[in-house]
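Undergrad: The following file, coords-v7.pdb, comprises PDB, C-alpha atoms:
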ATOM      1  CA  MET A  16     151.383  74.434 115.241  1.00  0.00           C
ATOM      2  CA  ALA A  17     149.848  71.277 113.809  1.00  0.00           C
ATOM      3  CA  GLU A  18     148.506  71.298 110.271  1.00  0.00           C
ATOM      4  CA  LEU A  19     144.789  70.908 109.766  1.00  0.00           C
ATOM      5  CA  LEU A  20     143.671  67.451 108.705  1.00  0.00           C
ATOM      6  CA  HIS A  21     142.080  67.241 105.246  1.00  0.00           C
ATOM      7  CA  VAL A  22     140.589  64.543 103.042  1.00  0.00           C
ATOM      8  CA  VAL A  23     142.695  64.302  99.869  1.00  0.00           C
ATOM      9  CA  ALA A  24     141.051  61.284  98.197  1.00  0.00           C
ATOM     10  CA  MET A  25     137.736  59.520  98.656  1.00  0.00           C
ATOM     11  CA  ASN A  26     135.736  56.669  97.144  1.00  0.00           C
ATOM     12  CA  VAL A  27     132.338  55.138  97.996  1.00  0.00           C
ATOM     13  CA  PRO A  28     132.946  51.359  97.857  1.00  0.00           C
ATOM     14  CA  CYS A  29     129.454  50.456  99.106  1.00  0.00           C
ATOM     15  CA  PRO A  30     126.517  52.108 100.922  1.00  0.00           C
ATOM     16  CA  TYR A  31     127.400  53.946 104.140  1.00  0.00           C
ATOM     17  CA  HIS A  32     131.149  53.368 103.681  1.00  0.00           C
ATOM     18  CA  LEU A  33     133.930  55.650 102.517  1.00  0.00           C
ATOM     19  CA  GLU A  34     137.431  54.773 101.449  1.00  0.00           C
ATOM     20  CA  LEU A  35     139.485  57.766 102.580  1.00  0.00           C
ATOM     21  CA  GLU A  36     142.993  59.149 102.287  1.00  0.00           C
ATOM     22  CA  PHE A  37     143.944  61.941 104.675  1.00  0.00           C
ATOM     23  CA  SER A  38     146.501  64.711 104.256  1.00  0.00           C
ATOM     24  CA  ASP A  39     148.838  63.031 106.770  1.00  0.00           C
ATOM     25  CA  GLY A  40     149.019  59.871 104.618  1.00  0.00           C
ATOM     26  CA  ASP A  41     146.605  57.749 106.660  1.00  0.00           C
ATOM     27  CA  SER A  42     144.183  55.671 104.564  1.00  0.00           C
ATOM     28  CA  ARG A  43     141.196  53.680 105.734  1.00  0.00           C
ATOM     29  CA  VAL A  44     137.710  52.457 104.903  1.00  0.00           C
ATOM     30  CA  VAL A  45     135.119  53.597 107.447  1.00  0.00           C
ATOM     31  CA  ASP A  46     131.483  52.748 108.124  1.00  0.00           C
ATOM     32  CA  LEU A  47     129.633  56.043 108.578  1.00  0.00           C
ATOM     33  CA  ARG A  48     126.482  54.612 110.142  1.00  0.00           C
ATOM     34  CA  PRO A  49     127.592  55.560 113.707  1.00  0.00           C
ATOM     35  CA  LEU A  50     127.679  59.226 112.610  1.00  0.00           C
ATOM     36  CA  LEU A  51     124.380  59.256 110.707  1.00  0.00           C
ATOM     37  CA  ASN A  52     122.172  60.174 113.668  1.00  0.00           C
ATOM     38  CA  GLY A  53     119.709  63.037 113.812  1.00  0.00           C
ATOM     39  CA  PRO A  54     117.532  64.813 111.265  1.00  0.00           C
ATOM     40  CA  ALA A  55     120.381  66.475 109.351  1.00  0.00           C
ATOM     41  CA  PHE A  56     121.807  63.072 108.421  1.00  0.00           C
ATOM     42  CA  GLN A  57     118.469  61.392 107.584  1.00  0.00           C
ATOM     43  CA  PRO A  58     118.875  61.898 103.792  1.00  0.00           C
ATOM     44  CA  LEU A  59     122.103  59.845 103.860  1.00  0.00           C
ATOM     45  CA  HIS A  60     120.186  56.769 104.988  1.00  0.00           C
ATOM     46  CA  ASP A  61     119.136  56.431 101.327  1.00  0.00           C
ATOM     47  CA  PRO A  62     121.987  54.703  99.418  1.00  0.00           C
ATOM     48  CA  GLU A  63     121.211  56.769  96.298  1.00  0.00           C
ATOM     49  CA  VAL A  64     121.663  59.999  98.265  1.00  0.00           C
ATOM     50  CA  PHE A  65     124.790  58.653  99.981  1.00  0.00           C
ATOM     51  CA  ALA A  66     126.525  57.542  96.756  1.00  0.00           C
ATOM     52  CA  PRO A  67     127.406  60.966  95.233  1.00  0.00           C
ATOM     53  CA  ALA A  68     129.722  61.976  98.082  1.00  0.00           C
ATOM     54  CA  THR A  69     132.501  64.332  97.024  1.00  0.00           C
ATOM     55  CA  ILE A  70     135.373  66.285  98.537  1.00  0.00           C
ATOM     56  CA  ASP A  71     134.650  69.980  99.022  1.00  0.00           C
ATOM     57  CA  PRO A  72     137.428  71.716  97.058  1.00  0.00           C
ATOM     58  CA  VAL A  73     137.792  74.566  99.573  1.00  0.00           C
ATOM     59  CA  ALA A  74     137.232  72.970 102.995  1.00  0.00           C
ATOM     60  CA  ARG A  75     138.517  69.535 101.901  1.00  0.00           C
ATOM     61  CA  THR A  76     135.802  67.773 103.855  1.00  0.00           C
ATOM     62  CA  VAL A  77     133.471  65.048 102.582  1.00  0.00           C
ATOM     63  CA  CYS A  78     130.153  66.524 101.458  1.00  0.00           C
ATOM     64  CA  TRP A  79     126.938  65.554  99.707  1.00  0.00           C
ATOM     65  CA  PRO A  80     124.618  67.458  97.348  1.00  0.00           C
ATOM     66  CA  CYS A  81     121.921  67.382 100.067  1.00  0.00           C
ATOM     67  CA  GLY A  82     124.046  69.818 102.117  1.00  0.00           C
ATOM     68  CA  VAL A  83     125.547  67.416 104.662  1.00  0.00           C
ATOM     69  CA  ASP A  84     129.286  67.480 105.296  1.00  0.00           C
ATOM     70  CA  LEU A  85     131.604  65.706 107.714  1.00  0.00           C
ATOM     71  CA  ALA A  86     134.878  67.024 109.087  1.00  0.00           C
ATOM     72  CA  PRO A  87     138.004  64.937 108.548  1.00  0.00           C
ATOM     73  CA  GLU A  88     138.469  64.661 112.326  1.00  0.00           C
ATOM     74  CA  ALA A  89     135.034  63.044 112.704  1.00  0.00           C
ATOM     75  CA  LEU A  90     135.806  60.608 109.891  1.00  0.00           C
ATOM     76  CA  ARG A  91     139.200  59.798 111.377  1.00  0.00           C
ATOM     77  CA  SER A  92     137.584  59.005 114.742  1.00  0.00           C
ATOM     78  CA  LEU A  93     135.845  55.985 113.181  1.00  0.00           C
ATOM     79  CA  MET A  94     137.499  52.591 113.397  1.00  0.00           C
ATOM     80  CA  PRO A  95     138.733  51.214 110.064  1.00  0.00           C
ATOM     81  CA  THR A  96     136.476  48.614 108.464  1.00  0.00           C
ATOM     82  CA  ASP A  97     137.629  45.680 106.355  1.00  0.00           C
ATOM     83  CA  ILE A  98     136.412  46.481 102.850  1.00  0.00           C
ATOM     84  CA  GLN A  99     135.782  42.753 102.251  1.00  0.00           C
ATOM     85  CA  THR A 100     133.143  42.739 104.997  1.00  0.00           C
ATOM     86  CA  ALA A 101     131.775  46.256 104.370  1.00  0.00           C
ATOM     87  CA  GLY A 102     128.150  46.521 103.373  1.00  0.00           C
TER      88      GLY A 102
END
What do you get writing this file as structure tokens?
TA:
Amino acid sequence: MAELLHVVAMNVPCPYHLELEFSDGDSRVVDLRPLLNGPAFQPLHDPEVFAPATIDPVARTVCWPCGVDLAPEALRSLMPTDIQTAG
């Protein structure tokens, strides 16, 4: 049985981007804008709301104080972005 994928480290290098390290050792910077569709994600369009992203200590997903969270599998599905061109 495969282990569940978790986010073990995370940083917000610029608006709408996360620098992530996953439990399997993969690391990447991703642009979240493709996932920020629909009313639930509307608050994250504000860079000040996006900035305080954290890792949920129990589920080990990325979450925000506004109640939004994203599963590691969804984050992993995004193509890596060059941090030099991010933003």
Undergrad: For a test of reading the model, state the distance in Å between CA of Pro49 (chain A) and CA of Glu18 (chain A), rounded to one decimal.
TA: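 These two atoms are separated by 26.4 Å.
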Undergrad: Could you list, as a PyMOL selection string, every residue within 10 Å of region 82-99 of chain A, counting all atoms listed in the file and ignoring same-chain residues fewer than 5 positions away?
TA: chain A and resi 19-23+28-29+32-38+41-50+55-59+65+68-71+74-77
Undergrad: Find the distance between CA of Gly40 (chain A) and CA of Val64 (chain A) and write it in Å to one decimal.
TA: 28.1 Å
Undergrad: Using only C-alpha atoms, pick whichever of A:Val73, A:Ala24, A:Gly53, A:His60 has the shortest atom-to-atom distance to Asp39 (chain A).
TA: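 Looking only at the distances to Asp39 (chain A), the closest residue turns out to be A:Ala24.
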